[in-house]
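Colleague: See structure-v5.txt below, with compact mmCIF, C-alpha atoms.
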# COMPACT_ATOMS: atom_id res chain seq x y z
CA MET L 1 20.34 -5.58 -3.77
CA LEU L 2 21.47 -4.71 -0.26
CA ARG L 3 25.08 -5.43 -1.27
CA THR L 4 24.94 -2.50 -3.69
CA PRO L 5 27.59 -0.05 -2.43
CA GLY L 6 25.99 2.61 -0.28
CA ALA L 7 22.57 0.96 -0.04
CA ARG L 8 22.60 0.02 3.61
CA SER L 9 23.57 3.53 4.68
CA PHE L 10 20.11 4.89 3.78
CA VAL L 11 17.81 1.85 4.00
CA LEU L 12 17.52 1.79 7.80
CA PRO L 13 17.36 5.59 8.30
CA GLY L 14 14.81 5.74 5.49
CA PHE L 15 12.64 3.15 7.22
CA ALA L 16 12.79 5.02 10.52
CA ALA L 17 11.99 8.34 8.87
CA ARG L 18 8.87 7.11 7.04
CA GLN L 19 7.43 5.06 9.91
CA PRO L 20 5.55 8.00 11.47
CA PHE L 21 3.60 8.78 8.27
CA ALA L 22 1.56 5.60 8.74
CA MET L 23 0.64 6.80 12.22
CA LEU L 24 -0.57 10.28 11.30
CA THR L 25 -4.10 9.71 9.97
CA MET L 26 -5.03 7.15 12.61
CA SER L 27 -3.62 9.37 15.39
CA ILE L 28 -5.56 12.42 14.16
CA VAL L 29 -8.82 10.48 13.81
CA LEU L 30 -8.56 8.94 17.28
CA LEU L 31 -7.55 12.17 19.02
CA VAL L 32 -10.11 14.45 17.38
CA GLU L 33 -12.93 11.92 17.70
CA HIS L 34 -12.08 11.53 21.39
CA THR L 35 -12.10 15.27 22.08
CA SER L 36 -15.06 16.19 19.83
CA GLY L 37 -17.14 13.01 19.59
CA SER L 38 -17.54 13.51 15.83
CA TYR L 39 -16.18 11.25 13.11
CA THR L 40 -17.09 13.92 10.57
CA LEU L 41 -14.79 16.46 12.22
CA ALA L 42 -12.09 13.84 12.76
CA GLY L 43 -12.22 12.86 9.10
CA THR L 44 -12.22 16.52 8.01
CA VAL L 45 -9.13 17.34 10.06
CA ALA L 46 -7.32 14.24 8.78
CA ALA L 47 -8.41 15.15 5.25
CA ALA L 48 -6.99 18.67 5.62
CA ALA L 49 -3.61 17.16 6.49
CA GLY L 50 -3.83 14.75 3.58
CA LEU L 51 -4.87 17.43 1.09
CA SER L 52 -2.05 19.75 2.06
CA MET L 53 0.43 16.89 1.74
CA ALA L 54 -0.96 16.01 -1.68
CA PHE L 55 -0.52 19.56 -2.97
CA PHE L 56 2.87 20.22 -1.41
CA ALA L 57 4.47 16.82 -2.05
CA PRO L 58 5.29 17.56 -5.72
CA VAL L 59 6.73 20.92 -4.67
CA SER L 60 8.93 19.14 -2.17
CA GLY L 61 10.03 16.68 -4.86
CA THR L 62 10.86 19.46 -7.30
CA LEU L 63 12.90 21.31 -4.70
CA ALA L 64 14.72 18.11 -3.77
CA ASP L 65 15.63 17.52 -7.43
CA ARG L 66 16.90 21.08 -7.78
CA HIS L 67 18.57 21.75 -4.44
CA GLY L 68 19.26 18.32 -2.98
CA GLN L 69 17.40 16.14 -0.52
CA PRO L 70 19.03 17.35 2.73
CA ALA L 71 18.25 21.00 1.96
CA VAL L 72 14.54 20.16 1.76
CA LEU L 73 14.31 17.44 4.38
CA VAL L 74 15.80 19.23 7.39
CA PRO L 75 13.40 22.21 7.48
CA SER L 76 10.48 19.90 6.67
CA VAL L 77 10.92 17.64 9.68
CA VAL L 78 11.43 20.59 12.05
CA LEU L 79 8.27 22.31 10.81
CA HIS L 80 6.32 19.05 10.94
CA ALA L 81 7.24 18.37 14.56
CA ALA L 82 6.18 21.90 15.55
CA SER L 83 2.89 21.61 13.63
CA VAL L 84 2.04 18.26 15.21
CA ALA L 85 2.66 19.73 18.67
CA LEU L 86 0.33 22.66 17.90
CA LEU L 87 -2.42 20.40 16.58
CA SER L 88 -2.23 18.20 19.67
CA VAL L 89 -2.48 21.16 22.04
CA LEU L 90 -5.44 22.66 20.17
CA ALA L 91 -7.34 19.37 20.12
CA LEU L 92 -6.83 18.76 23.84
CA ALA L 93 -7.87 22.34 24.61
CA GLY L 94 -11.18 21.83 22.82
CA ALA L 95 -10.45 24.35 20.07
CA PRO L 96 -13.11 24.87 17.40
CA GLY L 97 -13.06 22.78 14.27
CA TRP L 98 -11.75 25.57 12.03
CA ALA L 99 -8.69 25.92 14.27
CA LEU L 100 -7.97 22.20 14.07
CA VAL L 101 -8.30 22.25 10.29
CA ALA L 102 -5.99 25.28 10.09
CA ALA L 103 -3.37 23.51 12.21
CA ALA L 104 -3.68 20.36 10.11
CA VAL L 105 -2.66 22.21 6.93
CA PRO L 106 1.01 22.82 7.89
CA THR L 107 1.06 19.40 9.54
CA GLY L 108 0.33 17.73 6.21
CA ALA L 109 2.31 20.14 4.06
CA SER L 110 5.48 19.51 6.03
CA ILE L 111 5.32 15.69 5.95
CA PRO L 112 8.80 14.67 4.76
CA GLN L 113 8.73 12.82 1.45
CA VAL L 114 11.17 10.14 2.56
CA GLY L 115 9.68 7.31 0.48
CA PRO L 116 10.16 9.09 -2.86
CA MET L 117 13.62 10.21 -1.76
CA VAL L 118 14.63 6.63 -0.98
CA ARG L 119 13.30 5.45 -4.35
CA ALA L 120 15.27 8.20 -6.06
CA ARG L 121 18.42 7.01 -4.27
CA TRP L 122 17.89 3.46 -5.49
CA SER L 123 17.45 4.70 -9.05
CA HIS L 124 20.58 6.82 -8.77
CA LEU L 125 22.64 3.91 -7.44
CA PHE L 126 21.58 1.55 -10.22
CA ALA L 127 21.87 4.18 -12.96
CA ALA L 128 25.44 4.85 -11.85
CA GLY L 129 26.29 1.14 -11.98
CA PRO L 130 27.58 -0.90 -14.92
CA ASP L 131 24.10 -2.08 -15.94
CA PRO L 132 21.32 0.55 -15.56
CA ARG L 133 18.71 -2.03 -16.65
CA THR L 134 19.60 -4.45 -13.86
CA PRO L 135 16.62 -6.47 -12.58
CA LEU L 136 17.60 -5.30 -9.11
CA GLN L 137 15.70 -2.09 -9.91
CA HIS L 138 12.47 -4.12 -9.89
CA THR L 139 13.58 -5.78 -6.66
CA ALA L 140 14.24 -2.38 -5.11
CA THR L 141 10.81 -1.12 -6.20
CA ALA L 142 9.13 -4.15 -4.60
CA PHE L 143 11.33 -3.81 -1.52
CA GLU L 144 10.22 -0.19 -1.06
CA SER L 145 6.57 -1.19 -1.39
CA VAL L 146 7.09 -3.88 1.25
CA THR L 147 8.82 -1.35 3.49
CA ASP L 148 5.95 1.11 3.05
CA GLU L 149 3.40 -1.52 3.87
CA PHE L 150 5.34 -2.79 6.86
CA THR L 151 5.09 0.73 8.25
CA PHE L 152 1.33 0.54 7.66
CA VAL L 153 1.26 -2.74 9.56
CA VAL L 154 3.10 -1.32 12.55
CA GLY L 155 2.02 2.34 12.40
CA PRO L 156 -1.76 2.10 12.85
CA VAL L 157 -1.42 -0.61 15.50
CA LEU L 158 1.08 1.52 17.41
CA ALA L 159 -1.04 4.65 17.03
CA ALA L 160 -4.20 2.87 18.21
CA ALA L 161 -2.37 1.34 21.16
CA LEU L 162 -0.88 4.68 22.22
CA CYS L 163 -4.11 6.66 21.79
CA THR L 164 -6.38 4.13 23.52
CA GLY L 165 -3.95 2.75 26.11
CA VAL L 166 -1.70 5.67 27.06
CA HIS L 167 -3.23 9.03 26.15
CA PRO L 168 -5.40 10.31 23.27
CA ALA L 169 -2.55 12.54 22.08
CA ALA L 170 0.21 9.96 22.55
CA GLY L 171 0.00 8.80 18.93
CA LEU L 172 0.62 12.29 17.54
CA VAL L 173 3.41 12.96 20.03
CA ALA L 174 5.19 9.75 19.02
CA GLU L 175 4.64 10.53 15.33
CA GLY L 176 6.21 13.99 15.60
CA THR L 177 9.15 12.74 17.64
CA LEU L 178 9.96 9.87 15.27
CA THR L 179 9.64 12.11 12.24
CA LEU L 180 12.13 14.60 13.64
CA ALA L 181 14.70 12.00 14.74
CA GLY L 182 14.40 9.73 11.70
CA GLY L 183 14.31 12.59 9.21
CA LEU L 184 17.46 14.23 10.53
CA LEU L 185 19.28 10.89 10.54
CA PHE L 186 18.26 10.20 6.93
CA ALA L 187 19.25 13.70 5.82
CA ALA L 188 22.71 13.13 7.26
CA GLN L 189 23.33 10.35 4.69
CA ARG L 190 24.53 12.77 2.00
CA ARG L 191 26.88 10.42 0.15
CA THR L 192 24.06 8.39 -1.43
CA ALA L 193 21.81 11.34 -2.27
CA PRO L 194 21.17 11.89 -6.00
CA PRO L 195 23.12 14.80 -7.50
CA VAL L 196 21.41 18.16 -7.67
CA GLY L 197 19.59 18.69 -10.97
CA ARG L 198 21.34 20.81 -13.52
CA GLY L 199 18.33 23.04 -14.07
CA GLY L 200 19.06 25.11 -10.97
CA ARG L 201 22.58 25.87 -12.13
CA ALA L 202 22.22 26.09 -15.86
CA GLY L 203 22.09 29.41 -17.55
CA ARG L 204 24.53 31.21 -15.30
CA THR L 205 26.86 33.55 -17.03
CA GLY L 206 30.41 32.51 -17.52
CA ARG L 207 33.57 34.33 -16.54
CA GLY L 208 33.26 38.07 -16.95
CA GLY L 209 29.47 37.87 -17.28
CA ARG L 210 29.55 36.82 -20.96
CA ARG L 211 27.83 33.71 -22.21
CA GLY L 212 29.13 32.07 -25.37
CA ARG L 213 27.68 29.48 -27.68
CA ALA L 214 28.72 26.64 -25.37
CA GLY L 215 27.11 28.39 -22.44
CA ARG L 216 23.82 28.81 -24.31
CA ALA L 217 23.89 25.17 -25.35
CA GLY L 218 24.58 24.08 -21.79
CA ALA L 219 21.69 26.22 -20.56
CA TYR L 220 19.39 24.62 -23.12
CA ARG L 221 20.46 21.13 -22.18
CA GLY L 222 20.07 21.97 -18.51
CA ARG L 223 16.40 22.85 -18.79
CA ARG L 224 14.37 20.47 -16.72
CA ALA L 225 11.12 19.06 -18.02
CA PRO L 226 8.22 18.77 -15.55
CA ALA L 227 7.45 15.21 -14.54
CA LEU L 228 3.84 15.58 -15.70
CA ARG L 229 5.10 15.94 -19.30
CA ALA L 230 5.34 12.14 -19.27
CA PRO L 231 1.99 11.01 -20.75
CA ALA L 232 1.74 8.02 -18.41
CA LEU L 233 2.16 9.96 -15.16
CA PRO L 234 -1.35 11.55 -15.00
CA VAL L 235 -2.86 8.10 -15.57
CA LEU L 236 -0.75 6.64 -12.79
CA VAL L 237 -1.78 9.54 -10.53
CA ALA L 238 -5.43 8.54 -11.04
CA ALA L 239 -4.63 4.92 -10.18
CA PHE L 240 -2.76 5.93 -7.04
CA PHE L 241 -5.63 8.21 -6.01
CA GLY L 242 -7.85 5.13 -5.92
CA VAL L 243 -5.30 3.28 -3.79
CA GLY L 244 -5.15 6.21 -1.38
CA ALA L 245 -8.93 6.16 -1.10
CA VAL L 246 -8.72 2.54 0.01
CA PHE L 247 -6.24 3.50 2.73
CA GLY L 248 -8.31 6.43 3.98
CA GLY L 249 -11.67 4.71 3.74
CA MET L 250 -10.38 1.64 5.55
CA GLN L 251 -8.85 3.62 8.43
CA VAL L 252 -12.02 5.57 9.23
CA SER L 253 -14.42 2.71 8.51
CA LEU L 254 -12.46 0.12 10.50
CA THR L 255 -12.27 2.53 13.45
CA ALA L 256 -16.03 3.07 13.34
CA PHE L 257 -16.68 -0.66 12.85
CA SER L 258 -14.58 -1.55 15.89
CA GLU L 259 -16.46 0.99 18.01
CA SER L 260 -19.83 -0.28 16.77
CA ILE L 261 -19.10 -3.82 17.97
CA GLY L 262 -17.74 -2.58 21.31
CA ARG L 263 -14.04 -3.33 20.66
CA PRO L 264 -12.38 0.02 19.86
CA GLY L 265 -8.84 -1.30 20.25
CA LEU L 266 -9.44 -3.75 17.39
CA SER L 267 -9.21 -1.04 14.69
CA GLY L 268 -5.41 -0.99 14.57
CA ILE L 269 -5.22 -4.77 14.37
CA LEU L 270 -7.76 -4.98 11.53
CA TYR L 271 -5.93 -2.29 9.59
CA GLY L 272 -2.66 -4.06 10.29
CA VAL L 273 -4.07 -7.26 8.79
CA PHE L 274 -5.11 -5.31 5.70
CA ALA L 275 -1.64 -3.77 5.36
CA ALA L 276 -0.03 -7.17 6.03
CA GLY L 277 -1.73 -8.52 2.91
CA ASN L 278 -0.15 -5.72 0.93
CA MET L 279 3.26 -6.38 2.46
CA LEU L 280 3.18 -10.15 1.86
CA ALA L 281 2.08 -9.66 -1.75
CA GLY L 282 4.93 -7.21 -2.21
CA VAL L 283 7.41 -9.80 -0.97
CA ALA L 284 6.05 -12.37 -3.43
CA ILE L 285 6.14 -9.94 -6.35
CA GLY L 286 9.68 -8.90 -5.54
CA MET L 287 10.85 -12.52 -5.70
CA VAL L 288 9.57 -12.99 -9.27
CA HIS L 289 11.40 -11.81 -12.37
CA TRP L 290 8.52 -10.65 -14.55
CA ARG L 291 8.91 -11.02 -18.30
CA GLY L 292 5.69 -9.40 -19.53
CA PRO L 293 5.24 -5.64 -19.82
CA ALA L 294 4.41 -3.78 -16.61
CA GLN L 295 1.54 -1.98 -18.33
CA ARG L 296 -0.28 -5.27 -18.83
CA ARG L 297 0.18 -6.28 -15.19
CA LEU L 298 -1.35 -3.01 -14.02
CA LEU L 299 -4.39 -3.42 -16.27
CA VAL L 300 -4.93 -6.96 -14.98
CA THR L 301 -4.38 -6.45 -11.26
CA TYR L 302 -6.27 -3.18 -10.76
CA PRO L 303 -9.68 -4.66 -11.66
CA LEU L 304 -9.00 -7.36 -9.06
CA LEU L 305 -8.66 -4.60 -6.47
CA VAL L 306 -12.10 -3.29 -7.45
CA VAL L 307 -13.62 -6.76 -7.13
CA THR L 308 -12.26 -7.38 -3.64
CA ALA L 309 -13.16 -3.87 -2.43
CA SER L 310 -16.75 -4.41 -3.58
CA GLY L 311 -17.38 -6.93 -0.81
CA LEU L 312 -16.27 -4.79 2.15
CA TRP L 313 -19.63 -3.11 2.72
CA ALA L 314 -21.58 -6.39 2.71
CA VAL L 315 -19.15 -8.17 5.02
CA ALA L 316 -19.07 -5.23 7.47
CA GLY L 317 -22.86 -5.46 7.72
CA LEU L 318 -22.48 -8.96 9.16
CA GLU L 319 -20.57 -7.45 12.13
CA SER L 320 -18.00 -10.23 11.93
CA ALA L 321 -14.48 -9.00 12.67
CA ALA L 322 -12.95 -12.25 11.42
CA ALA L 323 -14.73 -12.08 8.05
CA LEU L 324 -13.89 -8.40 7.62
CA GLY L 325 -10.26 -9.07 8.50
CA GLY L 326 -10.07 -11.87 5.93
CA LEU L 327 -11.51 -9.74 3.15
CA GLY L 328 -9.29 -6.83 4.19
CA LEU L 329 -6.31 -9.14 3.80
CA ALA L 330 -7.43 -9.92 0.24
CA VAL L 331 -7.80 -6.22 -0.57
CA GLY L 332 -4.27 -5.61 0.67
CA VAL L 333 -2.94 -8.42 -1.51
CA CYS L 334 -4.44 -6.70 -4.56
CA ILE L 335 -2.99 -3.28 -3.71
CA ALA L 336 0.67 -4.32 -3.80
CA PRO L 337 0.80 -5.12 -7.55
CA ALA L 338 -0.77 -1.76 -8.40
CA LEU L 339 1.70 0.19 -6.28
CA ILE L 340 4.81 -1.69 -7.38
CA THR L 341 3.89 -1.64 -11.06
CA GLY L 342 2.97 2.04 -10.91
CA PHE L 343 6.32 3.02 -9.41
CA THR L 344 8.09 0.80 -11.94
CA LEU L 345 6.40 2.61 -14.82
CA ALA L 346 7.13 6.03 -13.34
CA ASP L 347 10.78 5.13 -12.89
CA ALA L 348 11.05 4.13 -16.56
CA LEU L 349 8.88 6.78 -18.20
CA VAL L 350 10.05 9.92 -16.38
CA PRO L 351 13.47 11.49 -16.98
CA ARG L 352 16.05 11.02 -14.27
CA GLU L 353 16.22 14.74 -13.50
CA ALA L 354 12.53 14.78 -12.46
CA ARG L 355 12.32 11.37 -10.83
CA THR L 356 11.85 12.52 -7.24
CA GLU L 357 9.13 14.90 -8.41
CA ALA L 358 7.39 12.04 -10.23
CA PHE L 359 7.48 9.82 -7.17
CA THR L 360 6.08 12.62 -5.01
CA TRP L 361 3.23 13.11 -7.51
CA LEU L 362 2.32 9.47 -6.91
CA THR L 363 2.61 9.63 -3.13
CA GLY L 364 0.72 12.92 -3.23
CA ALA L 365 -2.06 11.21 -5.18
CA VAL L 366 -2.23 8.56 -2.48
CA ALA L 367 -2.49 11.30 0.16
CA LEU L 368 -5.17 13.11 -1.85
CA GLY L 369 -7.20 9.94 -2.20
CA GLN L 370 -6.74 9.23 1.47
CA ALA L 371 -7.91 12.74 2.38
CA ALA L 372 -10.99 12.59 0.18
CA ALA L 373 -11.86 9.13 1.50
CA THR L 374 -11.52 10.06 5.17
CA THR L 375 -13.90 12.98 4.66
CA ALA L 376 -16.46 10.96 2.70
CA ALA L 377 -16.23 7.93 4.97
CA GLY L 378 -16.53 10.10 8.07
CA ARG L 379 -19.80 11.58 6.80
CA LEU L 380 -21.16 8.19 5.85
CA VAL L 381 -20.24 6.71 9.22
CA ASP L 382 -21.98 9.54 11.09
CA GLY L 383 -25.01 9.13 8.79
CA PRO L 384 -26.10 5.68 7.58
CA GLY L 385 -23.70 3.81 9.86
CA ALA L 386 -20.29 2.21 10.26
CA SER L 387 -20.60 -0.19 7.35
CA ALA L 388 -21.49 2.59 4.88
CA GLY L 389 -17.96 3.96 5.04
CA PHE L 390 -16.71 0.89 3.16
CA LEU L 391 -18.54 2.08 0.04
CA VAL L 392 -15.84 4.74 -0.42
CA PRO L 393 -13.01 2.34 -1.40
CA LEU L 394 -15.32 0.67 -3.90
CA ALA L 395 -16.39 3.90 -5.60
CA ALA L 396 -12.87 5.34 -5.76
CA THR L 397 -11.20 2.22 -7.16
CA ALA L 398 -13.97 1.75 -9.72
CA LEU L 399 -13.49 5.31 -11.03
CA ALA L 400 -9.70 4.92 -11.08
CA CYS L 401 -9.99 1.59 -12.90
CA ALA L 402 -12.26 3.14 -15.53
CA THR L 403 -9.68 5.90 -16.04
CA LEU L 404 -6.92 3.33 -16.48
CA LEU L 405 -8.86 1.39 -19.07
CA LEU L 406 -9.95 4.47 -21.02
CA LEU L 407 -6.45 6.02 -21.10
CA ARG L 408 -4.44 2.80 -21.28
CA ARG L 409 -2.71 3.89 -24.50
CA ARG L 410 -0.90 6.57 -22.53
CA LEU L 411 0.93 3.79 -20.76
CA HIS L 412 2.42 2.92 -24.18
CA PRO L 413 3.51 6.37 -25.43
CA ALA L 414 5.94 4.98 -28.00
CA GLU L 415 3.18 3.08 -29.82
CA SER L 416 1.45 6.23 -31.03
CA HIS L 417 4.14 8.88 -30.72
CA GLY L 418 7.40 7.08 -31.38
CA THR L 419 9.84 7.86 -28.59
CA ILE L 420 9.48 10.83 -26.30
CA THR L 421 12.64 12.72 -25.45
CA PHE L 422 12.43 15.16 -22.58
CA ARG L 423 14.40 18.34 -22.95
CA GLY L 424 17.44 17.96 -20.80
CA ALA L 425 16.81 14.28 -20.13
CA GLY L 426 18.72 12.80 -23.04
CA ARG L 427 16.90 9.51 -22.61
CA PRO L 428 14.16 8.05 -24.84
CA VAL L 429 11.15 6.41 -23.26
CA PRO L 430 10.73 2.71 -24.13
CA ALA L 431 7.49 1.30 -25.49
CA SER L 432 7.13 -1.23 -22.68
CA VAL L 433 8.75 -1.82 -19.33
CA ASP L 434 9.86 -5.27 -18.24
Could you render the structure as structure tokens?

Modeller:
Amino acid sequence: MLRTPGARSFVLPGFAARQPFAMLTMSIVLLVEHTSGSYTLAGTVAAAAGLSMAFFAPVSGTLADRHGQPAVLVPSVVLHAASVALLSVLALAGAPGWALVAAAVPTGASIPQVGPMVRARWSHLFAAGPDPRTPLQHTATAFESVTDEFTFVVGPVLAAALCTGVHPAAGLVAEGTLTLAGGLLFAAQRRTAPPVGRGGRAGRTGRGGRRGRAGRAGAYRGRRAPALRAPALPVLVAAFFGVGAVFGGMQVSLTAFSESIGRPGLSGILYGVFAAGNMLAGVAIGMVHWRGPAQRRLLVTYPLLVVTASGLWAVAGLESAAALGGLGLAVGVCIAPALITGFTLADALVPREARTEAFTWLTGAVALGQAAATTAAGRLVDGPGASAGFLVPLAATALACATLLLLRRRLHPAESHGTITFRGAGRPVPASVD
């Protein structure tokens, strides 16, 4: 996979550019809780950043498809660095909660969508090759999941170490700095960026301002279908929302759990163990050439995530860090198949022209779930206690799993609707994805 021409030029910059995202929520929670003493406020501020990212991520993906990745990425990283600096200053100055929430909105909205952009580059490289159905596409999808989870192994540990060992704002300062440097470096890799979608250029008048029959036909073909027109994508968004709730609920709940047992620095390590399970499972999945349909794998593995998440609350009540770490590892192992399979389905069921937008819908769903979970877990932690926050991952994954099972036919659109051709895509959607 890495020998694919052009791959190495964006893999390392892409890793550097997405590393800070794993630090953001943990850094916000630790800083705001330190300055305000409230997990509810800390979770609310982190949720505001996550919500704004969730709503603006698809917009960023659409703009990247239409105008190119560098045109969107450069202003995003500059705005994000400035917003992080403002949020840090306000928190340290003891600003009221509404001011912190207001500053968190542009902080989340400007998070660069590097992960979806990297996935779009992989898809573009393989689609341009001699065999667009190469199994290396599955390997690339698993590789990106492993890369994401490696950042969630390193990011929270680094954020916790900086905030507890250096300065409460050190995590956010490092996050903003890395985002700016890594994002600009990734944006500079223009040769491997997917071509700009035709929708932004179609429909222009020809020479002399007149448009003939060929021009009208080209304009029609250049129309770009929204990614959500794919019947499977809303179902996948629901599944990814549940995964995001696991991330958010675990970050807040593990932080509160570590404080309750008198070891606050342990939160980053426990979350790193949880993310390590995800990363190791992603490595294993990427090494296997799966023959069955991806839809079936998703419907089998997601209930396993619900089962493992159901034990978090009970284990946390025992106040055993080792037991909680072991179960967190199992939860992480169950998350990787859901993420990898979901991205695989989105890559196959969404037209190429809207692929970055589709990936940002999924990452936005993760951010939305994370935001909702941090708010809910923060309230539960300040109320019933530290262990109550672990009920959030259970509730969210159970609802998402029920949605998957009820709407599972949408993952097989060809069974009930034949093939679906998106206007401008020129590519039918297969019944199943191997």

Colleague: To one decimal place, how far is atom CA of Thr301 of chain L from atom CA of Leu362 of chain L in Å?

Modeller: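 Computing it gives 17.8 Å between the two atoms.
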
Colleague: Tell me, in Å to one decimal, how far atom CA of Ala396 of chain L is from atom CA of Ala245 of chain L.

Modeller: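 Taking atom CA of Ala396 of chain L and atom CA of Ala245 of chain L, their separation equals 6.2 Å.
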
Colleague: Grab the atom CA of Val315 of chain L to atom CA of Val45 of chain L distance for me, in Å with one decimal place.

Modeller: 27.9 Å

Colleague: Counting all atoms listed in the file, which residue out of L:Ala372, L:Val74, L:Leu158, L:Val196 sits closest to Gly272 of chain L?

Modeller: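 Residue with the minimum atom-to-atom distance to Gly272 of chain L: L:Leu158.
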
Colleague: Which of these residues is nearest to Ala54 of chain L, using all atoms listed in the file: L:Thr360, L:Thr141, L:Thr374, L:Thr341?

Modeller: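 Ranked by minimum distance to Ala54 of chain L, first place goes to L:Thr360.
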
Colleague: Give me the residues near Trp98 of chain L as number ranges by chain, where near means some atom within 12 Å (using all atoms listed in the file) and where sequence neighbours in that chain fewer than 4 positions away do not count.

Modeller: L: 41-42, 44-45, 48, 87, 90-91, 94, 102-105

Colleague: Which polymer residues have any atom within 10 Å of an atom of Ala82 of chain L, counting only C-alpha atoms, with same-chain residues fewer than 2 positions away left out, as a ChimeraX atom specification?

Modeller: /L:77-80,84-87,106-107,110,176-177,180

Colleague: From the options L:Ala284, L:Ala358, L:Ala398, L:Pro393, which residue's atoms come nearest to Pro303 of chain L, counting all atoms listed in the file?

Modeller: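 The answer is L:Ala398, which sits nearest to Pro303 of chain L.
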
Colleague: Pick out the residues sitting within 12 Å of Ile340 of chain L, and hand them over as an NGL selection string; count only C-alpha atoms, and ignore anything fewer than 6 positions along from it in its own chain.

Modeller: :L and (119 or 137-149 or 236 or 239-240 or 243 or 278-279 or 281-286 or 294-295 or 297-298 or 301-302 or 333-334 or 346-347 or 359 or 362)

Colleague: Counting only C-alpha atoms, figure out which residue out of L:Thr164, L:Thr35, L:Gln113, L:Gln189 gets nearest to Pro264 of chain L.

Modeller: L:Thr164

Colleague: Given only C-alpha atoms as the basis, pick out the residue of L:Leu312, L:Ala275, L:Ala193, L:Ala22 nearest to Ala395 of chain L.

Modeller: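 Under the stated criterion, the closest residue is L:Leu312.
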
Colleague: With only C-alpha atoms as the counted atoms, please give the residues lying no more than 10 Å from Leu12 of chain L, apart from itself and same-chain residues fewer than 6 positions off, as a list in words.

Modeller: Gly182, Leu185 and Phe186 of chain L

Colleague: Restricting the calculation to all atoms listed in the file, which member of L:Gly108, L:Phe343, L:Ala388, L:Leu125 is positioned closest to Arg3 of chain L?

Modeller: L:Leu125

Colleague: Which polymer residues, protein or nucleic acid, are no farther than 10 Å from (-18.3, 10.4, 6.1), counting only C-alpha atoms, as a VMD selection string?

Modeller: chain L and resid 39 to 44 249 252 to 253 372 to 386 388 to 389 392

Colleague: As AutoDock Vina command-line options, please report the centre and edge lengths, rounded to one decimal in Å, of the axis-aligned box that holds all listed atoms of segment 184-190 of chain L with 8 Å of padding on each of the six sides.

Modeller:
--center_x 21.0 --center_y 12.2 --center_z 6.3 --size_x 23.1 --size_y 20.0 --size_z 24.5
